[in-house]
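Asks: coords.txt is reproduced in full below (compact mmCIF, C-alpha atoms).
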# COMPACT_ATOMS: atom_id res chain seq x y z
CA MET A 1 23.74 47.83 8.94
CA THR A 2 23.70 51.30 7.45
CA ALA A 3 24.50 54.34 9.54
CA GLU A 4 20.99 55.56 8.88
CA ASN A 5 19.40 52.41 10.34
CA PHE A 6 21.82 52.45 13.25
CA ILE A 7 20.81 56.02 14.11
CA LYS A 8 17.10 55.29 13.69
CA ASP A 9 17.30 52.35 16.14
CA LEU A 10 19.51 54.31 18.50
CA GLN A 11 16.92 57.07 18.70
CA GLU A 12 14.08 54.62 19.24
CA GLU A 13 15.85 52.55 21.91
CA VAL A 14 18.24 54.90 23.68
CA PHE A 15 17.85 58.61 22.87
CA MET A 16 14.08 58.50 22.97
CA GLU A 17 13.62 62.10 24.03
CA THR A 18 16.03 63.56 21.48
CA GLU A 19 14.86 64.75 18.05
CA ILE A 20 16.28 62.39 15.43
CA SER A 21 17.46 65.40 13.41
CA LEU A 22 19.89 66.18 16.24
CA ILE A 23 21.53 62.76 15.94
CA THR A 24 24.13 62.47 13.20
CA LEU A 25 27.43 60.61 13.00
CA GLY A 26 29.14 63.88 13.96
CA THR A 27 27.04 64.45 17.09
CA ASN A 28 28.90 64.45 20.39
CA PHE A 29 26.31 62.30 22.19
CA LYS A 30 27.55 63.21 25.63
CA ASP A 31 26.50 66.81 24.90
CA LEU A 32 22.90 65.78 24.35
CA ASP A 33 20.54 66.89 27.16
CA GLU A 34 19.35 63.32 27.52
CA TRP A 35 22.79 61.88 28.24
CA ASP A 36 23.30 60.60 31.79
CA SER A 37 24.34 57.43 33.57
CA LEU A 38 20.99 55.83 32.80
CA THR A 39 21.27 56.56 29.07
CA ALA A 40 24.67 54.87 29.22
CA LEU A 41 23.01 51.75 30.65
CA SER A 42 20.33 51.86 27.96
CA LEU A 43 23.12 52.05 25.40
CA ILE A 44 24.78 48.93 26.83
CA ALA A 45 21.42 47.14 26.84
CA HIS A 46 20.68 48.19 23.25
CA PHE A 47 24.03 46.87 22.04
CA ASP A 48 23.61 43.64 23.98
CA MET A 49 20.00 42.87 23.12
CA ASN A 50 19.47 44.34 19.69
CA LEU A 51 22.93 44.34 18.16
CA GLY A 52 24.33 41.24 19.87
CA LYS A 53 27.47 43.10 21.00
CA LYS A 54 28.99 43.43 24.45
CA ILE A 55 30.36 46.90 25.08
CA SER A 56 32.28 47.86 28.20
CA GLY A 57 32.11 50.92 30.38
CA ASP A 58 35.54 51.92 29.09
CA GLN A 59 34.40 51.75 25.48
CA ILE A 60 31.57 54.11 26.31
CA LYS A 61 33.90 56.38 28.23
CA ASN A 62 36.26 56.57 25.26
CA ALA A 63 33.53 57.15 22.69
CA VAL A 64 32.68 60.77 21.89
CA PHE A 65 30.68 60.88 18.66
CA ILE A 66 27.81 58.81 17.32
CA GLN A 67 30.35 57.68 14.72
CA ASP A 68 32.35 56.00 17.52
CA LEU A 69 29.25 54.08 18.58
CA TYR A 70 28.55 53.11 15.00
CA ASN A 71 32.10 51.82 14.68
CA LEU A 72 31.54 49.64 17.75
CA ALA A 73 28.30 48.38 16.29
CA ILE A 74 29.82 47.29 12.98
CA ALA A 75 33.16 46.09 14.41
CA MET B 1 23.72 21.80 36.67
CA PHE B 2 22.97 20.00 39.92
CA THR B 3 20.00 18.20 41.40
CA VAL B 4 19.37 17.81 45.13
CA LYS B 5 16.82 15.28 46.33
CA GLY B 6 14.91 14.85 49.56
CA VAL B 7 15.59 18.24 51.17
CA LYS B 8 12.79 20.59 52.10
CA LEU B 9 12.91 24.34 52.63
CA SER B 10 10.99 24.57 55.91
CA SER B 11 11.13 28.17 57.01
CA ILE B 12 12.31 31.68 56.15
CA VAL B 13 12.71 34.46 58.71
CA GLY B 14 14.12 37.93 58.01
CA VAL B 15 15.46 40.76 60.13
CA ALA B 16 16.10 44.36 59.10
CA PRO B 17 16.94 47.54 60.96
CA ALA B 18 13.86 49.55 61.93
CA TYR B 19 15.79 52.74 61.23
CA THR B 20 15.38 53.89 57.65
CA GLU B 21 16.83 56.67 55.53
CA ASP B 22 14.70 58.20 52.79
CA ASN B 23 16.33 58.67 49.38
CA LEU B 24 13.96 61.51 48.58
CA THR B 25 15.81 63.60 51.16
CA ASN B 26 19.23 62.04 50.60
CA PRO B 27 21.79 64.87 50.40
CA ILE B 28 23.87 62.84 47.89
CA PHE B 29 21.43 63.97 45.18
CA ASN B 30 21.73 67.40 43.54
CA ASP B 31 18.11 68.35 44.18
CA SER B 32 14.67 66.84 44.75
CA GLU B 33 14.12 66.25 41.04
CA ASP B 34 17.35 64.28 40.88
CA ALA B 35 16.27 62.27 43.95
CA GLU B 36 12.82 61.56 42.53
CA LYS B 37 14.32 60.35 39.27
CA TYR B 38 16.61 57.99 41.18
CA VAL B 39 13.77 56.53 43.24
CA LYS B 40 11.69 56.04 40.11
CA THR B 41 14.36 54.39 37.99
CA VAL B 42 16.47 52.51 40.55
CA GLY B 43 13.45 51.68 42.67
CA VAL B 44 14.94 52.25 46.12
CA ARG B 45 13.19 54.74 48.35
CA TYR B 46 14.07 53.58 51.86
CA ARG B 47 17.35 52.14 53.01
CA ARG B 48 17.58 50.12 56.20
CA VAL B 49 20.63 51.26 58.10
CA THR B 50 22.24 49.64 61.15
CA ASP B 51 24.02 51.79 63.71
CA LYS B 52 27.78 51.51 63.97
CA ASN B 53 27.67 48.97 66.78
CA THR B 54 25.33 46.52 65.03
CA CYS B 55 26.88 43.81 62.87
CA THR B 56 25.29 41.37 60.48
CA ALA B 57 25.73 38.69 63.16
CA ASP B 58 23.53 40.74 65.51
CA LEU B 59 20.72 40.48 62.93
CA PHE B 60 21.18 36.73 62.43
CA VAL B 61 20.61 36.00 66.12
CA PRO B 62 16.99 37.25 66.39
CA ALA B 63 16.20 35.64 63.01
CA PHE B 64 17.43 32.28 64.29
CA ASN B 65 15.68 32.55 67.65
CA LYS B 66 12.36 33.36 66.01
CA GLN B 67 12.76 30.53 63.53
CA ILE B 68 13.56 27.90 66.15
CA GLU B 69 10.53 29.03 68.13
CA LEU B 70 8.22 28.89 65.08
CA LEU B 71 9.47 25.47 64.01
CA ASN B 72 9.58 24.19 67.54
CA TRP B 73 13.03 22.75 66.85
CA ASP B 74 15.46 21.72 69.53
CA LYS B 75 18.74 23.59 68.91
CA SER B 76 20.69 20.39 69.39
CA GLU B 77 19.09 19.01 66.23
CA VAL B 78 20.77 21.59 63.98
CA GLY B 79 23.54 19.65 62.27
CA ILE B 80 24.86 22.31 59.94
CA LEU B 81 25.11 26.12 59.92
CA ILE B 82 26.22 27.96 56.79
CA VAL B 83 26.72 31.71 56.95
CA ILE B 84 26.82 33.69 53.73
CA THR B 85 28.07 37.20 54.39
CA GLN B 86 30.67 39.68 53.23
CA THR B 87 30.37 41.65 56.43
CA PRO B 88 31.37 39.30 59.26
CA GLU B 89 32.40 40.61 62.67
CA TYR B 90 36.03 39.66 62.18
CA ILE B 91 38.40 38.68 59.39
CA SER B 92 39.16 35.60 61.47
CA PRO B 93 37.74 33.30 62.82
CA LEU B 94 34.63 32.27 60.94
CA GLN B 95 31.35 33.99 61.73
CA SER B 96 29.54 30.66 61.75
CA ILE B 97 31.80 29.27 64.47
CA ILE B 98 31.36 32.33 66.66
CA LEU B 99 27.61 31.99 66.17
CA GLN B 100 27.62 28.27 66.99
CA ASP B 101 28.43 29.17 70.57
CA ARG B 102 26.32 32.32 70.70
CA LEU B 103 23.24 30.50 69.43
CA GLY B 104 23.80 27.51 71.69
CA LEU B 105 24.35 24.96 68.92
CA GLU B 106 26.13 21.66 69.45
CA LYS B 107 29.91 21.54 69.04
CA THR B 108 29.38 18.87 66.40
CA CYS B 109 27.29 21.23 64.26
CA LEU B 110 29.18 21.69 60.98
CA CYS B 111 29.98 25.41 60.61
CA LEU B 112 30.99 27.06 57.35
CA ASP B 113 31.31 30.64 56.07
CA VAL B 114 30.96 31.51 52.40
CA PRO B 115 31.81 35.13 51.64
CA LEU B 116 29.55 35.52 48.61
CA GLY B 117 27.30 38.48 47.88
CA CYS B 118 24.34 38.75 45.57
CA SER B 119 24.47 35.15 44.32
CA GLY B 120 24.81 33.86 47.89
CA TYR B 121 21.29 32.65 48.49
CA ILE B 122 21.50 30.28 45.53
CA TYR B 123 24.96 28.96 46.44
CA GLY B 124 24.01 28.72 50.10
CA SER B 125 20.85 26.74 49.34
CA PHE B 126 22.86 24.44 47.08
CA LEU B 127 25.66 23.86 49.58
CA ILE B 128 23.51 23.23 52.62
CA SER B 129 21.01 20.98 50.85
CA SER B 130 23.65 18.90 49.09
CA LEU B 131 25.71 18.42 52.26
CA MET B 132 22.56 17.45 54.15
CA GLN B 133 21.55 15.01 51.43
CA SER B 134 24.94 13.34 51.06
CA HIS B 135 25.69 13.04 54.76
CA ASN B 136 22.22 12.49 56.14
CA ILE B 137 22.20 15.71 58.17
CA LYS B 138 18.59 16.05 59.24
CA LYS B 139 18.31 19.76 59.98
CA GLY B 140 20.27 22.76 58.78
CA ILE B 141 20.28 26.53 59.00
CA LEU B 142 21.39 28.91 56.25
CA PHE B 143 22.08 32.52 57.18
CA THR B 144 22.39 35.06 54.37
CA GLY B 145 22.77 38.78 54.75
CA ASP B 146 24.95 41.81 55.02
CA THR B 147 25.33 45.22 56.56
CA LEU B 148 26.27 46.65 53.20
CA THR B 149 25.66 50.25 54.28
CA LYS B 150 28.95 49.98 56.18
CA GLN B 151 30.72 49.21 52.90
CA ALA B 152 29.25 52.11 50.91
CA SER B 153 31.14 55.38 50.72
CA ILE B 154 28.95 58.28 51.81
CA LYS B 155 30.27 60.08 48.72
CA ASP B 156 29.48 57.40 46.14
CA ARG B 157 26.28 57.80 44.17
CA SER B 158 26.56 54.31 42.75
CA THR B 159 26.38 52.53 46.12
CA GLN B 160 25.28 54.88 48.94
CA PRO B 161 21.62 55.31 47.85
CA LEU B 162 21.35 51.64 46.87
CA PHE B 163 22.85 49.57 49.69
CA SER B 164 20.74 48.48 52.62
CA ASP B 165 21.09 46.13 55.60
CA ALA B 166 19.24 42.89 56.24
CA ALA B 167 19.79 39.31 57.41
CA THR B 168 17.79 36.15 56.96
CA SER B 169 17.61 32.63 58.28
CA THR B 170 16.38 29.75 56.14
CA ALA B 171 15.76 26.33 57.66
CA PHE B 172 16.12 23.10 55.67
CA GLU B 173 15.32 19.55 56.70
CA LEU B 174 15.56 16.10 55.20
CA ASP B 175 12.19 15.00 53.88
CA THR B 176 11.79 12.09 51.48
CA THR B 177 8.60 13.64 50.11
CA ALA B 178 10.30 16.92 49.16
CA SER B 179 10.47 17.75 45.45
CA ASP B 180 13.87 17.89 43.75
CA MET B 181 15.74 21.18 43.69
CA PHE B 182 17.67 22.11 40.55
CA PHE B 183 20.61 24.47 40.37
CA ASP B 184 22.57 26.24 37.64
CA LEU B 185 25.71 27.91 39.02
CA GLY B 186 28.55 29.87 37.46
CA ASN B 187 31.34 32.36 38.01
CA ASP B 188 33.77 34.51 36.05
CA GLY B 189 36.85 35.74 37.90
CA SER B 190 37.91 37.93 34.98
CA GLY B 191 35.37 40.43 36.30
CA PHE B 192 36.62 40.39 39.91
CA GLU B 193 37.44 44.11 39.82
CA ASN B 194 33.93 45.11 38.77
CA ILE B 195 32.65 44.94 42.34
CA MET B 196 35.25 44.78 45.07
CA VAL B 197 36.63 46.09 48.33
CA LYS B 198 40.29 46.74 47.56
CA ASP B 199 41.84 47.16 51.00
CA GLY B 200 41.83 45.07 54.15
CA GLY B 201 42.89 41.75 52.65
CA TYR B 202 46.47 40.60 52.25
CA ARG B 203 47.12 42.08 48.76
CA ASN B 204 46.46 45.58 50.08
CA ARG B 205 46.74 45.51 53.86
CA PHE B 206 44.60 48.01 55.77
CA SER B 207 46.63 51.19 56.29
CA GLU B 208 46.17 54.92 56.82
CA GLU B 209 45.83 55.19 53.04
CA SER B 210 42.77 52.95 53.18
CA LEU B 211 40.84 55.75 54.91
CA LYS B 212 41.57 58.48 52.36
CA TYR B 213 38.82 59.48 49.96
CA VAL B 214 39.81 59.35 46.29
CA ASP B 215 37.68 61.09 43.67
CA LYS B 216 37.00 58.69 40.80
CA GLY B 217 34.77 61.18 38.92
CA GLU B 218 31.13 60.90 37.96
CA GLY B 219 29.83 61.19 41.52
CA VAL B 220 32.08 58.48 42.89
CA CYS B 221 34.46 59.31 45.72
CA LEU B 222 35.56 56.48 47.95
CA ARG B 223 38.11 54.94 50.28
CA GLY B 224 40.01 51.68 49.99
CA ILE B 225 37.74 50.11 52.59
CA ASP B 226 34.58 50.93 50.58
CA THR B 227 32.93 48.88 47.85
CA ILE B 228 33.89 50.03 44.39
CA MET B 229 31.34 49.16 41.75
CA ILE B 230 31.95 49.66 38.04
CA GLY B 231 28.26 50.14 37.35
CA MET B 232 28.28 49.92 33.57
CA ASP B 233 30.26 46.70 33.46
CA VAL B 234 28.20 45.08 36.21
CA PHE B 235 25.06 46.06 34.32
CA SER B 236 26.41 44.62 31.09
CA PHE B 237 27.26 41.36 32.87
CA ALA B 238 23.91 41.05 34.60
CA ILE B 239 21.54 41.78 31.70
CA SER B 240 22.98 38.89 29.74
CA THR B 241 23.96 36.44 32.50
CA ALA B 242 20.79 36.47 34.61
CA PRO B 243 18.42 35.63 31.73
CA LYS B 244 20.89 32.99 30.52
CA THR B 245 21.15 31.13 33.83
CA VAL B 246 17.35 31.12 34.25
CA ASN B 247 16.82 29.90 30.70
CA GLN B 248 19.43 27.16 31.10
CA LEU B 249 17.64 25.87 34.16
CA ILE B 250 14.28 25.85 32.38
CA ILE B 251 15.65 24.10 29.29
CA GLN B 252 17.87 21.57 31.07
CA TYR B 253 15.14 20.39 33.41
CA ASN B 254 12.32 20.84 30.93
CA LEU B 255 10.38 23.04 33.34
CA ASP B 256 6.88 24.09 32.37
CA PHE B 257 7.31 27.85 32.08
CA ASP B 258 3.62 28.67 32.58
CA SER B 259 3.30 26.53 35.69
CA LEU B 260 5.91 28.59 37.53
CA ASP B 261 4.30 30.80 40.16
CA TYR B 262 7.11 33.25 40.87
CA PHE B 263 10.55 34.32 39.73
CA VAL B 264 12.37 35.92 42.64
CA PHE B 265 15.49 37.78 41.61
CA HIS B 266 18.26 39.35 43.60
CA GLN B 267 17.19 42.98 44.03
CA ALA B 268 20.03 44.70 42.16
CA ASN B 269 18.13 47.74 40.95
CA MET B 270 14.79 48.25 39.24
CA PHE B 271 16.20 49.42 35.92
CA LEU B 272 18.39 46.34 35.59
CA ASN B 273 15.86 43.88 37.02
CA GLU B 274 13.11 45.10 34.71
CA MET B 275 15.45 44.64 31.77
CA ILE B 276 16.02 41.03 32.89
CA ARG B 277 12.29 40.46 33.40
CA LYS B 278 11.43 41.77 29.93
CA ARG B 279 14.19 39.75 28.34
CA LEU B 280 12.75 36.58 29.87
CA LYS B 281 9.25 37.74 28.87
CA LEU B 282 7.99 37.30 32.44
CA PRO B 283 4.65 38.81 33.48
CA VAL B 284 4.88 41.64 36.01
CA ASP B 285 2.81 39.80 38.62
CA LYS B 286 5.22 36.85 38.74
CA VAL B 287 8.25 38.98 39.57
CA PRO B 288 8.03 40.54 43.05
CA TYR B 289 10.20 43.47 44.17
CA SER B 290 11.16 44.65 47.63
CA LEU B 291 13.56 47.38 46.48
CA TYR B 292 11.31 50.29 47.45
CA ASP B 293 11.29 49.50 51.17
CA TYR B 294 14.37 47.30 51.58
CA GLY B 295 16.96 48.34 48.97
CA ASN B 296 19.80 46.06 47.93
CA SER B 297 21.11 43.93 50.80
CA ALA B 298 23.16 41.42 48.73
CA SER B 299 22.46 37.78 49.67
CA ALA B 300 19.43 38.73 51.80
CA THR B 301 17.33 40.18 48.97
CA ILE B 302 15.70 36.97 47.71
CA PRO B 303 14.32 35.81 51.09
CA ILE B 304 13.48 39.41 52.06
CA THR B 305 11.49 39.82 48.83
CA ILE B 306 9.60 36.60 49.56
CA LEU B 307 8.73 37.81 53.06
CA ASP B 308 7.87 41.31 51.90
CA LYS B 309 5.70 40.37 48.93
CA ILE B 310 4.55 36.73 48.91
CA GLN B 311 4.64 35.81 52.57
CA ASN B 312 1.02 34.65 52.78
CA GLU B 313 1.18 32.59 49.62
CA ILE B 314 4.39 30.76 50.45
CA GLN B 315 2.91 29.94 53.83
CA GLU B 316 -0.49 28.80 52.67
CA LYS B 317 0.01 26.90 49.42
CA PRO B 318 2.54 24.96 47.36
CA LEU B 319 4.56 27.18 45.01
CA LYS B 320 6.85 26.47 42.08
CA MET B 321 9.53 29.11 41.88
CA ILE B 322 12.81 30.10 40.32
CA PHE B 323 15.26 32.18 42.32
CA SER B 324 18.24 33.88 40.70
CA GLY B 325 21.15 35.89 42.10
CA PHE B 326 24.07 37.57 40.34
CA GLY B 327 26.85 39.94 41.29
CA VAL B 328 30.18 40.22 43.09
CA GLY B 329 32.74 37.64 41.96
CA LEU B 330 31.51 37.72 39.37
CA SER B 331 29.20 34.95 40.46
CA TRP B 332 25.69 33.89 39.53
CA GLY B 333 23.15 31.14 39.95
CA ALA B 334 19.55 30.11 39.51
CA MET B 335 17.56 27.48 41.35
CA TYR B 336 14.20 25.80 40.91
CA ILE B 337 12.29 24.89 44.00
CA GLU B 338 8.81 23.65 44.88
CA THR B 339 7.88 24.86 48.32
CA ASN B 340 5.08 23.60 50.48
CA ASN B 341 3.70 25.53 53.45
CA VAL B 342 6.90 27.32 54.40
CA VAL B 343 6.88 28.60 57.97
CA VAL B 344 7.39 32.37 57.88
CA ALA B 345 6.96 35.47 60.01
CA PRO B 346 6.70 39.15 59.16
CA ILE B 347 10.14 40.75 58.73
CA ILE B 348 11.42 41.52 62.22
CA LEU B 349 12.48 45.15 62.62
CA VAL B 350 15.18 45.72 65.22
Can you give me the file's structure in the form of structure tokens?

Replies:
Amino acid sequence: MTAENFIKDLQEEVFMETEISLITLGTNFKDLDEWDSLTALSLIAHFDMNLGKKISGDQIKNAVFIQDLYNLAIA
Amino acid sequence: MFTVKGVKLSSIVGVAPAYTEDNLTNPIFNDSEDAEKYVKTVGVRYRRVTDKNTCTADLFVPAFNKQIELLNWDKSEVGILIVITQTPEYISPLQSIILQDRLGLEKTCLCLDVPLGCSGYIYGSFLISSLMQSHNIKKGILFTGDTLTKQASIKDRSTQPLFSDAATSTAFELDTTASDMFFDLGNDGSGFENIMVKDGGYRNRFSEESLKYVDKGEGVCLRGIDTIMIGMDVFSFAISTAPKTVNQLIIQYNLDFDSLDYFVFHQANMFLNEMIRKRLKLPVDKVPYSLYDYGNSASATIPITILDKIQNEIQEKPLKMIFSGFGVGLSWGAMYIETNNVVVAPIILV
């Protein structure tokens, strides 16, 4: 999965209200207006259902940038 | 996977506190917009709250009395009482034994407590029906419910606006014409810390420390005697486990998916439950919710949802249903049941 595809899906499934141009590997996703506890749950669901990966609350807590999420997705 | 033969679910009665608190004016939220968003996404508007003197046991009693009256049962016929609760009156002795005397049941009535939460209705139905089947116990009563509001920290956004109080009584009886019940049950102790009450047992005895609020960040501030819930991990567990247990049941017993009338899930929260529903590709009208008016009351939510949303149908016609519960333990289960003219009453408000 390319970073580009990862970001495209992430925008469609999780950060639906955020302009895709604002989402890059270097984006601190917790600074996005849309980020809250519910977005975190959507992120877990997206990983589980669409990427087939279980991610924990701690992994989300420790992640800062979109790059960190991408690393989890391709790990 | 387990099959139980020749046991009929005869009646469901539910009790909830008449006193409600409205999440739209809940001071735990930052402002009204915050509150409205919560109600919309989590699905809980009203929480049923008992006063400090009312225990779960006090809700079981009127449920039982109403049920016995509706069924026209003689109390002496009740051969087994199973109580599923995490909020008994005392740590010891068993709630079921205390209730045996209070309800006027025979001393030979088999009394058992099972301290399960959200999966409790499934385990309770399995335990009572299989014991009745194997030992020819003709009539049995299953109590499930909690006063969870007493376990929620008033400063914890993850539990305080969600938890609600309710108790239910379900009557079972031996009946050779009853359809088989199927069960899929599971547990995973590696997640025991995801939902727990840390103090008051024998690992961490209750002490002065147990009453001190500790700020865990992100809107969670609680005491050792309160429920701690690691929301993200519980969510992650539930969105995969609940669809899996339901699917296993359908596949193992070759159930005709389209012939199923209802799927009644533990009412965890709307966001999570809708995710489960969509994953199983279930139509909206086959998945009832009672979250708006009754919140999350652990093992009581499945019977409360039935009474709140499909009371007339379960009373008037045969239904094929799947119930599924998942949560504290971690523990989960799903059951298939065909009901036939279940004796019910409107939820009793006390």

Asks: Applying 9 Å and only C-alpha atoms, which residues near Tyr19 in chain B remain after dropping the ones on its own chain fewer than 4 positions away? List them as a PyMOL selection string.

Replies: chain B and resi 47-51+349-350

Asks: So which residues fall inside 8 Å of (29.1, 49.5, 9.3) if we count all atoms listed in the file? Mind giving them as a ChimeraX atom specification?

Replies: /A:1-3,70-71,73-75

Asks: Could you please take those selected residues and save C-alpha atoms as an mmCIF file, keeping the file's coordinate frame?

Replies:
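So part.cif came out as:
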data_model
loop_
_atom_site.group_PDB
_atom_site.id
_atom_site.type_symbol
_atom_site.label_atom_id
_atom_site.label_comp_id
_atom_site.auth_asym_id
_atom_site.auth_seq_id
_atom_site.Cartn_x
_atom_site.Cartn_y
_atom_site.Cartn_z
ATOM 1 C CA MET A 1 23.740 47.830 8.940
ATOM 2 C CA THR A 2 23.700 51.300 7.450
ATOM 3 C CA ALA A 3 24.500 54.340 9.540
ATOM 4 C CA TYR A 70 28.550 53.110 15.000
ATOM 5 C CA ASN A 71 32.100 51.820 14.680
ATOM 6 C CA ALA A 73 28.300 48.380 16.290
ATOM 7 C CA ILE A 74 29.820 47.290 12.980
ATOM 8 C CA ALA A 75 33.160 46.090 14.410
#

Asks: Check the smallest atom-to-atom distance from each of B:Tyr292, B:Phe263, B:Tyr38, B:Phe163 to chain A using all atoms listed in the file, then report the winner.

Replies: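 Closest to chain A of all the choices is B:Tyr38.
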
Asks: Enter the distance from CA of Ile251 in chain B to CA of Thr3 in chain B, in Å, rounded to one decimal.

Replies: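 If I compute the distance from CA of Ile251 in chain B to CA of Thr3 in chain B, I get 14.2 Å.
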
Asks: Using all atoms listed in the file, which residue out of A:Ile66, A:Ala45, A:Ile55, A:Leu38 lies closest to Val42 in chain B?

Replies: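 Between A:Ile66, A:Ala45, A:Ile55, A:Leu38, the residue approaching Val42 in chain B most closely is A:Leu38.
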
Asks: Per residue of chain A within 7 Å of chain B, what are the shortest atom pair and its distance in Å to one decimal, counting all atoms listed in the file, with rows by chain and residue number, as a tab-separated table?

Replies:
residue	atom	partner	partner_atom	distance
A:Leu41	CA	B:Met232	CA	6.3
A:Ile44	CA	B:Ser236	CA	6.3
A:Ser56	CA	B:Asp233	CA	5.8
A:Gly57	CA	B:Met232	CA	5.1

Asks: Can you work out which one of A:Phe6, A:Gln11, A:Met49, A:Ser37 has the shortest atom-to-atom distance to Leu69 in chain A, counting only C-alpha atoms?

Replies: A:Phe6

Asks: Would you compute the distance between CA of Leu112 in chain B and CA of Gly140 in chain B? Give it in Å to one decimal.

Replies: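 Taking CA of Leu112 in chain B and CA of Gly140 in chain B, their separation equals 11.6 Å.
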
Asks: Would you mind telling me which residue in B:Leu142, B:Ile195, B:Leu255, B:Leu291 lies nearest to Asn23 in chain B when using only C-alpha atoms?

Replies: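 Nearest candidate to Asn23 in chain B out of B:Leu142, B:Ile195, B:Leu255, B:Leu291: B:Leu291.
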
Asks: Could you list, as a PyMOL selection string, every residue within 9 Å of Ser42 in chain A, counting only C-alpha atoms and ignoring same-chain residues fewer than 5 positions away?

Replies: chain A and resi 13-15+37+47

Asks: Taking all atoms listed in the file into account, name the residue in B:Phe265, B:Phe257, B:Tyr90, B:Tyr213 that is nearest to Ala238 in chain B.

Replies: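 Of B:Phe265, B:Phe257, B:Tyr90, B:Tyr213, the one nearest Ala238 in chain B is B:Phe265, counting all atoms listed in the file.
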
Asks: In Å to one decimal, how far is CA of Ala171 in chain B from CA of Gln67 in chain B?

Replies: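 According to the coordinates, CA of Gln67 in chain B and CA of Ala171 in chain B are separated by 7.8 Å.
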
Asks: Looking at B:Asp215, B:Gly43, B:Ser153, B:Ser10, which one is nearest to Asn72 in chain B, with distances taken over all atoms listed in the file?

Replies: B:Ser10

Asks: Do you know which residues are at most 10 Å from range 16-31 of chain A counting all atoms listed in the file, after dropping those on the same chain fewer than 2 positions away, and could you put them as a ChimeraX atom specification?

Replies: /A:3-4,6-14,33-36,39-40,60-61,63-70

Asks: Which residues are near range 97-103 of chain B? Cut-off 10 Å, all atoms listed in the file, ignore same chain within fewer than 2 positions. Put them as a list of chain:residue names.

Replies: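 Here the qualifying residues turn out to be B:Ala57, B:Asp58, B:Phe60, B:Val61, B:Pro62, B:Phe64, B:Asn65, B:Lys75, B:Ile80, B:Leu81, B:Ile82, B:Val83, B:Glu89, B:Tyr90, B:Ser92, B:Pro93, B:Leu94, B:Gln95, B:Leu105, B:Glu106, B:Lys107, B:Thr108, B:Cys109, B:Leu110, B:Cys111, B:Leu112, B:Asp113.
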
Asks: Just want the 9 Å neighbourhood of Leu9 in chain B, counted on only C-alpha atoms, with same-chain residues fewer than 4 positions away dropped. Output as a PyMOL selection string.

Replies: chain B and resi 125+129+170-173+178+337-340+342

Asks: Please return as a PyMOL selection string every residue within 9 Å of (18.1, 56.9, 45.3), taking into account all atoms listed in the file and the file's own coordinates.

Replies: chain B and resi 22-24+26+28-29+34-46+157+160-162
